[in-house]
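K.L.:
run27.pdb is reproduced in full below (PDB, C-alpha atoms).
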ATOM      1  CA  MET A   1     -53.575 -23.858  30.108  1.00  0.00           C
ATOM      2  CA  ARG A   2     -52.715 -20.311  31.151  1.00  0.00           C
ATOM      3  CA  LEU A   3     -49.705 -21.582  33.148  1.00  0.00           C
ATOM      4  CA  SER A   4     -48.432 -23.467  30.094  1.00  0.00           C
ATOM      5  CA  THR A   5     -48.725 -20.346  27.930  1.00  0.00           C
ATOM      6  CA  VAL A   6     -46.744 -18.254  30.424  1.00  0.00           C
ATOM      7  CA  PHE A   7     -44.048 -20.945  30.690  1.00  0.00           C
ATOM      8  CA  LEU A   8     -43.735 -21.185  26.885  1.00  0.00           C
ATOM      9  CA  SER A   9     -43.395 -17.401  26.575  1.00  0.00           C
ATOM     10  CA  LEU A  10     -40.618 -17.334  29.173  1.00  0.00           C
ATOM     11  CA  MET A  11     -38.788 -20.093  27.337  1.00  0.00           C
ATOM     12  CA  LEU A  12     -38.918 -18.242  23.997  1.00  0.00           C
ATOM     13  CA  PHE A  13     -37.746 -15.001  25.618  1.00  0.00           C
ATOM     14  CA  SER A  14     -34.805 -16.750  27.298  1.00  0.00           C
ATOM     15  CA  ILE A  15     -33.728 -18.447  24.061  1.00  0.00           C
ATOM     16  CA  GLY A  16     -33.831 -15.126  22.165  1.00  0.00           C
ATOM     17  CA  LEU A  17     -31.838 -13.354  24.885  1.00  0.00           C
ATOM     18  CA  LEU A  18     -29.240 -16.112  24.932  1.00  0.00           C
ATOM     19  CA  ALA A  19     -28.913 -16.017  21.150  1.00  0.00           C
ATOM     20  CA  GLN A  20     -28.380 -12.248  21.193  1.00  0.00           C
ATOM     21  CA  THR A  21     -25.773 -12.577  23.933  1.00  0.00           C
ATOM     22  CA  ASN A  22     -23.841 -15.254  22.079  1.00  0.00           C
ATOM     23  CA  ASP A  23     -23.979 -13.263  18.847  1.00  0.00           C
ATOM     24  CA  SER A  24     -22.707 -10.123  20.615  1.00  0.00           C
ATOM     25  CA  ILE A  25     -19.873 -12.053  22.246  1.00  0.00           C
ATOM     26  CA  TYR A  26     -18.884 -13.487  18.861  1.00  0.00           C
ATOM     27  CA  GLN A  27     -18.842 -10.037  17.264  1.00  0.00           C
ATOM     28  CA  GLN A  28     -16.674  -8.675  20.065  1.00  0.00           C
ATOM     29  CA  TYR A  29     -14.328 -11.606  19.570  1.00  0.00           C
ATOM     30  CA  LEU A  30     -13.940 -10.820  15.869  1.00  0.00           C
ATOM     31  CA  LEU A  31     -13.360  -7.123  16.500  1.00  0.00           C
ATOM     32  CA  ASN A  32     -10.923  -7.421  19.394  1.00  0.00           C
ATOM     33  CA  ASN A  33      -9.024 -10.617  18.677  1.00  0.00           C
ATOM     34  CA  HIS A  34      -5.667  -9.726  17.108  1.00  0.00           C
ATOM     35  CA  ASN A  35      -5.430 -13.200  15.576  1.00  0.00           C
ATOM     36  CA  VAL A  36      -8.406 -12.505  13.304  1.00  0.00           C
ATOM     37  CA  PRO A  37      -7.154 -10.892  10.047  1.00  0.00           C
ATOM     38  CA  LYS A  38      -8.599  -7.480   9.180  1.00  0.00           C
ATOM     39  CA  ARG A  39      -9.374  -6.588   5.603  1.00  0.00           C
ATOM     40  CA  VAL A  40      -7.289  -3.720   4.189  1.00  0.00           C
ATOM     41  CA  HIS A  41      -8.220  -1.875   0.997  1.00  0.00           C
ATOM     42  CA  TYR A  42      -5.856  -0.047  -1.369  1.00  0.00           C
ATOM     43  CA  THR A  43      -6.733   2.875  -3.623  1.00  0.00           C
ATOM     44  CA  ASN A  44      -4.990   4.383  -6.643  1.00  0.00           C
ATOM     45  CA  ASP A  45      -4.878   7.771  -4.909  1.00  0.00           C
ATOM     46  CA  SER A  46      -1.385   7.733  -3.407  1.00  0.00           C
ATOM     47  CA  ARG A  47      -0.771   9.998  -0.420  1.00  0.00           C
ATOM     48  CA  ASN A  48       2.985   9.506  -0.024  1.00  0.00           C
ATOM     49  CA  ILE A  49       5.966   9.586  -2.358  1.00  0.00           C
ATOM     50  CA  ILE A  50       9.716   9.303  -1.792  1.00  0.00           C
ATOM     51  CA  LYS A  51      11.682  11.126  -4.482  1.00  0.00           C
ATOM     52  CA  THR A  52      14.869  12.937  -5.414  1.00  0.00           C
ATOM     53  CA  ASN A  53      15.915  15.650  -7.870  1.00  0.00           C
ATOM     54  CA  ILE A  54      18.029  14.350 -10.775  1.00  0.00           C
ATOM     55  CA  ILE A  55      19.317  17.791 -11.790  1.00  0.00           C
ATOM     56  CA  SER A  56      20.414  18.471  -8.221  1.00  0.00           C
ATOM     57  CA  VAL A  57      22.239  15.129  -8.013  1.00  0.00           C
ATOM     58  CA  ILE A  58      24.230  15.988 -11.161  1.00  0.00           C
ATOM     59  CA  ASP A  59      25.374  19.169  -9.408  1.00  0.00           C
ATOM     60  CA  GLY A  60      26.516  17.404  -6.229  1.00  0.00           C
ATOM     61  CA  HIS A  61      23.412  17.454  -4.013  1.00  0.00           C
ATOM     62  CA  LEU A  62      21.351  14.330  -3.243  1.00  0.00           C
ATOM     63  CA  PRO A  63      18.008  15.328  -1.656  1.00  0.00           C
ATOM     64  CA  ILE A  64      15.824  12.661  -0.036  1.00  0.00           C
ATOM     65  CA  ILE A  65      12.322  14.104  -0.206  1.00  0.00           C
ATOM     66  CA  TRP A  66       9.109  12.838   1.392  1.00  0.00           C
ATOM     67  CA  GLU A  67       5.956  14.293  -0.151  1.00  0.00           C
ATOM     68  CA  HIS A  68       2.629  13.831   1.654  1.00  0.00           C
ATOM     69  CA  LYS A  69      -0.830  14.784   0.389  1.00  0.00           C
ATOM     70  CA  PHE A  70      -3.463  15.599   3.003  1.00  0.00           C
ATOM     71  CA  ASP A  71      -6.057  15.640   0.216  1.00  0.00           C
ATOM     72  CA  ASN A  72      -6.300  16.792  -3.414  1.00  0.00           C
ATOM     73  CA  CYS A  73      -5.803  20.410  -2.325  1.00  0.00           C
ATOM     74  CA  PHE A  74      -3.037  20.570   0.271  1.00  0.00           C
ATOM     75  CA  GLY A  75       0.192  18.782   1.093  1.00  0.00           C
ATOM     76  CA  PHE A  76       3.843  19.291   1.860  1.00  0.00           C
ATOM     77  CA  GLU A  77       7.270  17.893   1.123  1.00  0.00           C
ATOM     78  CA  ALA A  78      10.285  17.815   3.400  1.00  0.00           C
ATOM     79  CA  GLY A  79      13.476  15.909   3.938  1.00  0.00           C
ATOM     80  CA  PRO A  80      17.229  15.879   4.472  1.00  0.00           C
ATOM     81  CA  GLY A  81      19.913  15.672   1.838  1.00  0.00           C
ATOM     82  CA  ILE A  82      23.572  14.846   1.340  1.00  0.00           C
ATOM     83  CA  ILE A  83      26.056  17.301  -0.155  1.00  0.00           C
ATOM     84  CA  LEU A  84      28.409  15.275  -2.372  1.00  0.00           C
ATOM     85  CA  PRO A  85      32.119  16.124  -2.941  1.00  0.00           C
ATOM     86  CA  TYR A  86      31.781  17.330  -6.539  1.00  0.00           C
ATOM     87  CA  THR A  87      29.937  19.863  -8.714  1.00  0.00           C
ATOM     88  CA  PHE A  88      28.711  19.811 -12.302  1.00  0.00           C
ATOM     89  CA  PHE A  89      31.595  21.982 -13.502  1.00  0.00           C
ATOM     90  CA  GLU A  90      34.093  19.707 -11.807  1.00  0.00           C
ATOM     91  CA  ILE A  91      32.589  16.731 -13.660  1.00  0.00           C
ATOM     92  CA  ILE A  92      33.058  18.390 -17.047  1.00  0.00           C
ATOM     93  CA  GLY A  93      36.446  19.783 -15.997  1.00  0.00           C
ATOM     94  CA  GLN A  94      35.443  23.404 -16.538  1.00  0.00           C
ATOM     95  CA  ASN A  95      37.212  24.809 -13.468  1.00  0.00           C
ATOM     96  CA  LYS A  96      40.523  23.457 -14.826  1.00  0.00           C
ATOM     97  CA  THR A  97      40.451  25.576 -17.990  1.00  0.00           C
ATOM     98  CA  ASP A  98      42.167  28.920 -18.330  1.00  0.00           C
ATOM     99  CA  GLU A  99      38.978  30.777 -19.311  1.00  0.00           C
ATOM    100  CA  PRO A 100      36.006  29.584 -17.227  1.00  0.00           C
ATOM    101  CA  PHE A 101      32.475  30.331 -18.370  1.00  0.00           C
ATOM    102  CA  LYS A 102      31.040  33.619 -17.245  1.00  0.00           C
ATOM    103  CA  PRO A 103      27.984  33.361 -14.973  1.00  0.00           C
ATOM    104  CA  LEU A 104      24.931  32.694 -17.107  1.00  0.00           C
ATOM    105  CA  PHE A 105      21.986  34.902 -16.125  1.00  0.00           C
ATOM    106  CA  PRO A 106      19.514  34.124 -14.615  1.00  0.00           C
ATOM    107  CA  PHE A 107      21.199  30.975 -13.285  1.00  0.00           C
ATOM    108  CA  ILE A 108      24.189  33.023 -12.005  1.00  0.00           C
ATOM    109  CA  ILE A 109      26.275  29.940 -11.243  1.00  0.00           C
ATOM    110  CA  ASN A 110      29.894  30.444 -10.281  1.00  0.00           C
ATOM    111  CA  PRO A 111      31.764  27.824 -12.386  1.00  0.00           C
ATOM    112  CA  THR A 112      34.856  27.980 -10.157  1.00  0.00           C
ATOM    113  CA  PHE A 113      32.924  26.873  -7.061  1.00  0.00           C
ATOM    114  CA  SER A 114      34.182  23.560  -5.660  1.00  0.00           C
ATOM    115  CA  ASN A 115      33.273  21.286  -2.794  1.00  0.00           C
ATOM    116  CA  ARG A 116      35.613  18.597  -1.436  1.00  0.00           C
ATOM    117  CA  LYS A 117      33.713  17.171   1.543  1.00  0.00           C
ATOM    118  CA  LEU A 118      30.371  15.621   2.360  1.00  0.00           C
ATOM    119  CA  GLY A 119      27.755  17.952   3.795  1.00  0.00           C
ATOM    120  CA  VAL A 120      24.122  18.055   4.825  1.00  0.00           C
ATOM    121  CA  SER A 121      20.995  19.838   3.683  1.00  0.00           C
ATOM    122  CA  PHE A 122      17.331  20.197   4.592  1.00  0.00           C
ATOM    123  CA  GLN A 123      14.248  21.529   2.839  1.00  0.00           C
ATOM    124  CA  ILE A 124      10.533  21.987   3.503  1.00  0.00           C
ATOM    125  CA  GLU A 125       7.806  23.034   1.087  1.00  0.00           C
ATOM    126  CA  PRO A 126       4.050  23.439   1.769  1.00  0.00           C
ATOM    127  CA  LYS A 127       2.101  22.794  -1.449  1.00  0.00           C
ATOM    128  CA  LEU A 128      -1.213  23.676  -3.065  1.00  0.00           C
ATOM    129  CA  TYR A 129      -2.335  21.112  -5.660  1.00  0.00           C
ATOM    130  CA  LEU A 130      -4.021  22.109  -8.918  1.00  0.00           C
ATOM    131  CA  GLY A 131      -6.982  20.202 -10.369  1.00  0.00           C
ATOM    132  CA  ASN A 132      -9.349  17.584  -8.960  1.00  0.00           C
ATOM    133  CA  ALA A 133      -6.921  14.846  -9.973  1.00  0.00           C
ATOM    134  CA  PRO A 134      -3.804  16.980  -9.363  1.00  0.00           C
ATOM    135  CA  TRP A 135      -1.804  17.647 -12.520  1.00  0.00           C
ATOM    136  CA  GLY A 136       0.476  20.192 -10.844  1.00  0.00           C
ATOM    137  CA  SER A 137       1.296  22.109  -7.678  1.00  0.00           C
ATOM    138  CA  ILE A 138       2.542  25.468  -6.461  1.00  0.00           C
ATOM    139  CA  GLY A 139       4.302  26.081  -3.194  1.00  0.00           C
ATOM    140  CA  SER A 140       6.791  28.105  -1.198  1.00  0.00           C
ATOM    141  CA  PHE A 141       9.962  26.496   0.098  1.00  0.00           C
ATOM    142  CA  TYR A 142      12.928  26.947   2.403  1.00  0.00           C
ATOM    143  CA  SER A 143      16.192  25.043   2.042  1.00  0.00           C
ATOM    144  CA  PHE A 144      19.506  24.962   3.857  1.00  0.00           C
ATOM    145  CA  LYS A 145      22.778  23.577   2.482  1.00  0.00           C
ATOM    146  CA  SER A 146      26.096  23.164   4.281  1.00  0.00           C
ATOM    147  CA  TYR A 147      29.108  22.898   1.954  1.00  0.00           C
ATOM    148  CA  SER A 148      32.730  22.544   3.041  1.00  0.00           C
ATOM    149  CA  LYS A 149      33.360  26.287   2.597  1.00  0.00           C
ATOM    150  CA  LEU A 150      29.861  27.743   2.354  1.00  0.00           C
ATOM    151  CA  LEU A 151      26.439  27.881   4.028  1.00  0.00           C
ATOM    152  CA  ILE A 152      23.342  28.622   1.919  1.00  0.00           C
ATOM    153  CA  HIS A 153      19.855  29.685   3.009  1.00  0.00           C
ATOM    154  CA  GLU A 154      17.256  29.812   0.232  1.00  0.00           C
ATOM    155  CA  ILE A 155      13.570  30.771   0.181  1.00  0.00           C
ATOM    156  CA  GLY A 156      11.358  30.869  -2.896  1.00  0.00           C
ATOM    157  CA  PHE A 157       8.388  29.696  -4.920  1.00  0.00           C
ATOM    158  CA  ALA A 158       8.049  26.515  -6.967  1.00  0.00           C
ATOM    159  CA  PHE A 159       5.742  25.134  -9.650  1.00  0.00           C
ATOM    160  CA  ASN A 160       5.710  21.403 -10.378  1.00  0.00           C
ATOM    161  CA  PHE A 161       4.018  19.536 -13.211  1.00  0.00           C
ATOM    162  CA  ILE A 162       3.046  16.024 -12.069  1.00  0.00           C
ATOM    163  CA  ASP A 163       3.185  13.118 -14.497  1.00  0.00           C
ATOM    164  CA  GLN A 164       2.084   9.631 -13.417  1.00  0.00           C
ATOM    165  CA  TYR A 165       2.484   6.529 -15.565  1.00  0.00           C
ATOM    166  CA  PRO A 166      -0.465   4.032 -15.622  1.00  0.00           C
ATOM    167  CA  GLY A 167       1.789   1.205 -16.794  1.00  0.00           C
ATOM    168  CA  SER A 168       3.878   1.626 -13.644  1.00  0.00           C
ATOM    169  CA  LYS A 169       1.473   2.791 -10.961  1.00  0.00           C
ATOM    170  CA  ASN A 170       4.226   3.210  -8.350  1.00  0.00           C
ATOM    171  CA  PHE A 171       6.416   5.564 -10.414  1.00  0.00           C
ATOM    172  CA  ALA A 172       5.928   9.269 -11.055  1.00  0.00           C
ATOM    173  CA  SER A 173       7.995  12.219 -12.199  1.00  0.00           C
ATOM    174  CA  GLN A 174       7.642  15.920 -11.495  1.00  0.00           C
ATOM    175  CA  MET A 175       9.148  18.605 -13.691  1.00  0.00           C
ATOM    176  CA  GLY A 176       9.280  22.048 -12.153  1.00  0.00           C
ATOM    177  CA  ILE A 177      10.739  25.522 -12.027  1.00  0.00           C
ATOM    178  CA  THR A 178      11.722  27.599  -8.985  1.00  0.00           C
ATOM    179  CA  PHE A 179      12.438  31.259  -8.344  1.00  0.00           C
ATOM    180  CA  SER A 180      14.200  32.035  -5.086  1.00  0.00           C
ATOM    181  CA  TYR A 181      16.231  34.439  -2.974  1.00  0.00           C
ATOM    182  CA  VAL A 182      19.608  33.004  -1.944  1.00  0.00           C
ATOM    183  CA  ASN A 183      21.661  34.132   1.053  1.00  0.00           C
ATOM    184  CA  GLN A 184      25.218  32.733   1.050  1.00  0.00           C
ATOM    185  CA  ILE A 185      27.619  32.759   4.014  1.00  0.00           C
ATOM    186  CA  PRO A 186      31.238  31.990   2.996  1.00  0.00           C
ATOM    187  CA  LEU A 187      33.424  30.525   5.737  1.00  0.00           C
ATOM    188  CA  TYR A 188      36.956  31.335   4.517  1.00  0.00           C
ATOM    189  CA  SER A 189      36.855  33.549   1.408  1.00  0.00           C
ATOM    190  CA  VAL A 190      34.204  35.701  -0.220  1.00  0.00           C
ATOM    191  CA  GLU A 191      35.091  34.021  -3.520  1.00  0.00           C
ATOM    192  CA  ASP A 192      33.848  30.643  -2.229  1.00  0.00           C
ATOM    193  CA  VAL A 193      30.263  31.227  -3.332  1.00  0.00           C
ATOM    194  CA  LYS A 194      28.164  28.974  -5.530  1.00  0.00           C
ATOM    195  CA  TYR A 195      26.140  31.796  -7.075  1.00  0.00           C
ATOM    196  CA  VAL A 196      27.384  35.218  -8.140  1.00  0.00           C
ATOM    197  CA  GLY A 197      25.603  37.981  -6.225  1.00  0.00           C
ATOM    198  CA  THR A 198      25.809  41.188  -4.233  1.00  0.00           C
ATOM    199  CA  GLU A 199      27.949  41.486  -1.115  1.00  0.00           C
ATOM    200  CA  SER A 200      26.187  42.876   1.939  1.00  0.00           C
ATOM    201  CA  ASN A 201      27.603  45.582   4.185  1.00  0.00           C
ATOM    202  CA  ASP A 202      27.058  43.455   7.280  1.00  0.00           C
ATOM    203  CA  LEU A 203      29.626  40.832   8.147  1.00  0.00           C
ATOM    204  CA  SER A 204      28.712  37.309   9.202  1.00  0.00           C
ATOM    205  CA  VAL A 205      30.020  35.592  12.331  1.00  0.00           C
ATOM    206  CA  TYR A 206      32.905  34.369  10.154  1.00  0.00           C
ATOM    207  CA  GLY A 207      34.051  37.943   9.510  1.00  0.00           C
ATOM    208  CA  LEU A 208      33.063  37.938   5.820  1.00  0.00           C
ATOM    209  CA  PRO A 209      30.231  39.694   3.969  1.00  0.00           C
ATOM    210  CA  LYS A 210      27.178  37.673   2.998  1.00  0.00           C
ATOM    211  CA  VAL A 211      26.496  37.319  -0.730  1.00  0.00           C
ATOM    212  CA  SER A 212      22.852  37.390  -1.839  1.00  0.00           C
ATOM    213  CA  CYS A 213      21.125  36.971  -5.195  1.00  0.00           C
ATOM    214  CA  PHE A 214      17.948  35.865  -6.973  1.00  0.00           C
ATOM    215  CA  ARG A 215      18.018  32.487  -8.672  1.00  0.00           C
ATOM    216  CA  LEU A 216      16.019  30.663 -11.334  1.00  0.00           C
ATOM    217  CA  ALA A 217      16.340  26.868 -11.427  1.00  0.00           C
ATOM    218  CA  PHE A 218      14.723  23.758 -12.896  1.00  0.00           C
ATOM    219  CA  ARG A 219      13.679  20.509 -11.226  1.00  0.00           C
ATOM    220  CA  LEU A 220      13.406  16.960 -12.482  1.00  0.00           C
ATOM    221  CA  GLN A 221      12.112  14.879  -9.590  1.00  0.00           C
ATOM    222  CA  VAL A 222      11.504  11.131  -9.810  1.00  0.00           C
ATOM    223  CA  GLY A 223      10.096   8.953  -7.070  1.00  0.00           C
ATOM    224  CA  TYR A 224       8.194   5.953  -5.757  1.00  0.00           C
ATOM    225  CA  LEU A 225       4.460   6.195  -5.008  1.00  0.00           C
ATOM    226  CA  PHE A 226       3.294   4.227  -1.977  1.00  0.00           C
ATOM    227  CA  ASP A 227      -0.090   2.489  -2.065  1.00  0.00           C
ATOM    228  CA  ASN A 228      -2.787   4.267  -0.072  1.00  0.00           C
ATOM    229  CA  GLN A 229      -4.168   1.935   2.602  1.00  0.00           C
ATOM    230  CA  ILE A 230      -7.704   2.221   3.954  1.00  0.00           C
ATOM    231  CA  LYS A 231      -8.121   0.178   7.131  1.00  0.00           C
ATOM    232  CA  PRO A 232     -11.474  -0.713   8.741  1.00  0.00           C
ATOM    233  CA  ARG A 233     -12.585   1.260  11.766  1.00  0.00           C
ATOM    234  CA  LYS A 234     -12.088  -0.386  15.135  1.00  0.00           C
TER     235      LYS A 234
END
Spell out the structure here as structure tokens.
P.N.:
Amino acid sequence: MRLSTVFLSLMLFSIGLLAQTNDSIYQQYLLNNHNVPKRVHYTNDSRNIIKTNIISVIDGHLPIIWEHKFDNCFGFEAGPGIILPYTFFEIIGQNKTDEPFKPLFPFIINPTFSNRKLGVSFQIEPKLYLGNAPWGSIGSFYSFKSYSKLLIHEIGFAFNFIDQYPGSKNFASQMGITFSYVNQIPLYSVEDVKYVGTESNDLSVYGLPKVSCFRLAFRLQVGYLFDNQIKPRK
């Protein structure tokens, strides 16, 4: 009788161990087999947006901006751009008139500025978001633009108001205002500047004085919001 009891106990222990081993092997198969589909969740809290600035495009600059949110407090935006062979004043034909507009403070735009070739640009802007569900942001930025006759370095501060549309969850717009310091390096003539400013005493490598100024500008950015994916842990 005692021998039978011991034998039965060993049998039950072996069956339980085998069941655990098979179950563990099956779980490993599900986790490591690439043919088994993994469940991916999406949230309404988008972390990435691709956008451009409509006002800038009208004035001959097409920025391609990637904005990334680390969380609801911090993020950044950065990206290249294309300088287009026209300006706003060339579109309306202002530089062809006998009496061009005087620079309008504080925008200080030179209406006779022209650009005839494609160019490149780049910008980067760390951002601090405002509100638990961000309704706006503040940040500092640096941008570089290369025109056919002019190089521009610009640093400044920006405020953006974020507006998202529930009916179109993948579309958002950002209206903003910037205040910046602009350093312009003309390549051929000191008159080839985009913004009216003060000539420096130091000459650039092109043998011409740099022209610097402070600038106030508006933004109207529109873009596509990417869905935020949450994947299961491996």
K.L.:
Please work out which residues fall within 9 Å of (34.1, 33.2, 10.5), coordinates as given in the file, with all atoms listed in the file counting, and return them as a tab-separated table (two decimals) with C-alpha atoms, keeping the file's coordinate frame.
P.N.:
chain	number	residue	atom	x	y	z
A	186	PRO	CA	31.24	31.99	3.00
A	187	LEU	CA	33.42	30.52	5.74
A	188	TYR	CA	36.96	31.34	4.52
A	204	SER	CA	28.71	37.31	9.20
A	205	VAL	CA	30.02	35.59	12.33
A	206	TYR	CA	32.90	34.37	10.15
A	207	GLY	CA	34.05	37.94	9.51
A	208	LEU	CA	33.06	37.94	5.82
K.L.:
Show which residues sit within 9 Å of stretch 181-183 of chain A, as a PyMOL selection string. Count all atoms listed in the file, and ignore same-chain residues fewer than 5 positions away.
P.N.:
chain A and resi 151-156+195+197+210-215
K.L.:
Could you list the residues chosen by the PyMOL selection byres ((chain A and resi 119) around 6) in this structure as a ChimeraX atom specification?
P.N.:
/A:82-83,118,120,146-147
K.L.:
Run the PyMOL selection byres ((chain A and resi 132) around 12) mentally over the shown coordinates, then write out the matched residues as a PDB file with C-alpha atoms, keeping the file's coordinate frame, using the chain letters and numbers from the document.
P.N.:
ATOM      1  CA  ASP A  45      -4.878   7.771  -4.909  1.00  0.00           C
ATOM      2  CA  ASP A  71      -6.057  15.640   0.216  1.00  0.00           C
ATOM      3  CA  ASN A  72      -6.300  16.792  -3.414  1.00  0.00           C
ATOM      4  CA  CYS A  73      -5.803  20.410  -2.325  1.00  0.00           C
ATOM      5  CA  PHE A  74      -3.037  20.570   0.271  1.00  0.00           C
ATOM      6  CA  LEU A 128      -1.213  23.676  -3.065  1.00  0.00           C
ATOM      7  CA  TYR A 129      -2.335  21.112  -5.660  1.00  0.00           C
ATOM      8  CA  LEU A 130      -4.021  22.109  -8.918  1.00  0.00           C
ATOM      9  CA  GLY A 131      -6.982  20.202 -10.369  1.00  0.00           C
ATOM     10  CA  ALA A 133      -6.921  14.846  -9.973  1.00  0.00           C
ATOM     11  CA  PRO A 134      -3.804  16.980  -9.363  1.00  0.00           C
ATOM     12  CA  TRP A 135      -1.804  17.647 -12.520  1.00  0.00           C
ATOM     13  CA  GLY A 136       0.476  20.192 -10.844  1.00  0.00           C
ATOM     14  CA  SER A 137       1.296  22.109  -7.678  1.00  0.00           C
TER      15      SER A 137
END
K.L.:
Identify all residues satisfying the PyMOL selection byres ((chain A and resi 121) around 6) in the given file; provide them as a list in words.
P.N.:
Pro80, Gly81, Val120, Phe122, Phe144 and Lys145 of chain A
K.L.:
Go ahead and write the residues just picked, C-alpha atoms, as a tab-separated table (two decimals), in the coordinates of the input.
P.N.:
chain	number	residue	atom	x	y	z
A	80	PRO	CA	17.23	15.88	4.47
A	81	GLY	CA	19.91	15.67	1.84
A	120	VAL	CA	24.12	18.06	4.82
A	122	PHE	CA	17.33	20.20	4.59
A	144	PHE	CA	19.51	24.96	3.86
A	145	LYS	CA	22.78	23.58	2.48
K.L.:
Would you give the centre and edge lengths, in Å to one decimal, of a box along x, y and z around the listed atoms of stretch 183-195 of chain A, with 8 Å added to each side, as lines of an AutoDock Vina configuration file?
P.N.:
center_x = 29.3
center_y = 32.3
center_z = -0.7
size_x = 31.3
size_y = 22.7
size_z = 28.8
K.L.:
Need the shell around A:Ala158: protein/DNA/RNA residues with any atom at most 8 Å away, counting all atoms listed in the file. Skip same-chain ones fewer than 4 positions apart. Format as a list in words?
P.N.:
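Close residues of A:Ala158: Ile138, Gly139, Ser140, Phe141, Gly176, Ile177, Thr178 and Phe179 of chain A.
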K.L.:
Please indicate the distance in Å from atom CA of A:Met175 to atom CA of A:Gly223, rounded to one decimal place.
P.N.:
11.7 Å
K.L.:
With 10 Å as the threshold, what does the neighbourhood of (1.7, 10.1, -12.0) contain in terms of residues, counting all atoms listed in the file? Coordinates are those of the file; answer as a PyMOL selection string.
P.N.:
chain A and resi 45-46+134-135+161-166+168-174+223-225
K.L.:
Please save C-alpha atoms of the selected residues as a compact mmCIF listing (two decimals), in the coordinates of the input.
P.N.:
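Output saved as part.txt:
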# COMPACT_ATOMS: atom_id res chain seq x y z
CA ASP A 45 -4.88 7.77 -4.91
CA SER A 46 -1.38 7.73 -3.41
CA PRO A 134 -3.80 16.98 -9.36
CA TRP A 135 -1.80 17.65 -12.52
CA PHE A 161 4.02 19.54 -13.21
CA ILE A 162 3.05 16.02 -12.07
CA ASP A 163 3.18 13.12 -14.50
CA GLN A 164 2.08 9.63 -13.42
CA TYR A 165 2.48 6.53 -15.56
CA PRO A 166 -0.46 4.03 -15.62
CA SER A 168 3.88 1.63 -13.64
CA LYS A 169 1.47 2.79 -10.96
CA ASN A 170 4.23 3.21 -8.35
CA PHE A 171 6.42 5.56 -10.41
CA ALA A 172 5.93 9.27 -11.06
CA SER A 173 8.00 12.22 -12.20
CA GLN A 174 7.64 15.92 -11.50
CA GLY A 223 10.10 8.95 -7.07
CA TYR A 224 8.19 5.95 -5.76
CA LEU A 225 4.46 6.20 -5.01
K.L.:
Between atom CA of A:Phe113 and atom CA of A:Ser56, what is the distance in Å, rounded to a tenth?
P.N.:
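Atom-to-atom, atom CA of A:Phe113 and atom CA of A:Ser56 are spaced 15.1 Å apart.
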K.L.:
Excluding A:Ile91 and its own-chain neighbours fewer than 3 positions away, which residues fall within 9 Å of it when counting all atoms listed in the file? Please give them as number ranges by chain.
P.N.:
A: 58-59, 86-88, 94
K.L.:
So how far away is atom CA of A:Gln221 from atom CA of A:Ile109, in Å?
P.N.:
20.7 Å
K.L.:
Would you please work out which residue, of A:Arg219, A:Ser148, A:Pro209, A:Glu191, is nearest to A:Thr52 when using all atoms listed in the file?
P.N.:
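Between A:Arg219, A:Ser148, A:Pro209, A:Glu191, the residue approaching A:Thr52 most closely is A:Arg219.
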K.L.:
Smallest atom-to-atom distance to A:Pro111: which of A:Lys127, A:Phe226, A:Gly93, A:His61, using all atoms listed in the file?
P.N.:
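Among A:Lys127, A:Phe226, A:Gly93, A:His61, it is A:Gly93 that comes nearest to A:Pro111.
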K.L.:
Given all atoms listed in the file as the basis, pick out the residue of A:Pro126, A:Glu90, A:Ile49, A:Phe76 nearest to A:Ser114.
P.N.:
A:Glu90
K.L.:
Using only C-alpha atoms, which residue out of A:Leu84, A:Phe157, A:Glu125, A:Lys51 lies closest to A:Ser180?
P.N.:
A:Phe157
K.L.:
Can you put N, CA and C atoms back into stretch 86-94 of chain A and show it as a PDB file, in the frame of the given file?
P.N.:
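selection.pdb was written with the following content:
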ATOM      1  N   TYR A  86      31.526  16.951  -5.154  1.00  0.00           N
ATOM      2  CA  TYR A  86      31.781  17.330  -6.539  1.00  0.00           C
ATOM      3  C   TYR A  86      30.706  18.330  -6.974  1.00  0.00           C
ATOM      4  N   THR A  87      30.931  18.991  -8.093  1.00  0.00           N
ATOM      5  CA  THR A  87      29.937  19.863  -8.714  1.00  0.00           C
ATOM      6  C   THR A  87      29.863  19.521 -10.201  1.00  0.00           C
ATOM      7  N   PHE A  88      28.875  20.072 -10.877  1.00  0.00           N
ATOM      8  CA  PHE A  88      28.711  19.811 -12.302  1.00  0.00           C
ATOM      9  C   PHE A  88      29.925  20.280 -13.093  1.00  0.00           C
ATOM     10  N   PHE A  89      30.450  21.448 -12.761  1.00  0.00           N
ATOM     11  CA  PHE A  89      31.595  21.982 -13.502  1.00  0.00           C
ATOM     12  C   PHE A  89      32.864  21.179 -13.238  1.00  0.00           C
ATOM     13  N   GLU A  90      32.949  20.570 -12.068  1.00  0.00           N
ATOM     14  CA  GLU A  90      34.093  19.707 -11.807  1.00  0.00           C
ATOM     15  C   GLU A  90      34.000  18.421 -12.617  1.00  0.00           C
ATOM     16  N   ILE A  91      32.775  17.933 -12.856  1.00  0.00           N
ATOM     17  CA  ILE A  91      32.589  16.731 -13.660  1.00  0.00           C
ATOM     18  C   ILE A  91      33.060  16.960 -15.093  1.00  0.00           C
ATOM     19  N   ILE A  92      32.689  18.114 -15.656  1.00  0.00           N
ATOM     20  CA  ILE A  92      33.058  18.390 -17.047  1.00  0.00           C
ATOM     21  C   ILE A  92      34.453  19.005 -17.163  1.00  0.00           C
ATOM     22  N   GLY A  93      35.086  19.262 -15.985  1.00  0.00           N
ATOM     23  CA  GLY A  93      36.446  19.783 -15.997  1.00  0.00           C
ATOM     24  C   GLY A  93      36.534  21.250 -16.320  1.00  0.00           C
ATOM     25  N   GLN A  94      35.437  21.999 -16.145  1.00  0.00           N
ATOM     26  CA  GLN A  94      35.443  23.404 -16.538  1.00  0.00           C
ATOM     27  C   GLN A  94      36.351  24.258 -15.654  1.00  0.00           C
TER      28      GLN A  94
END
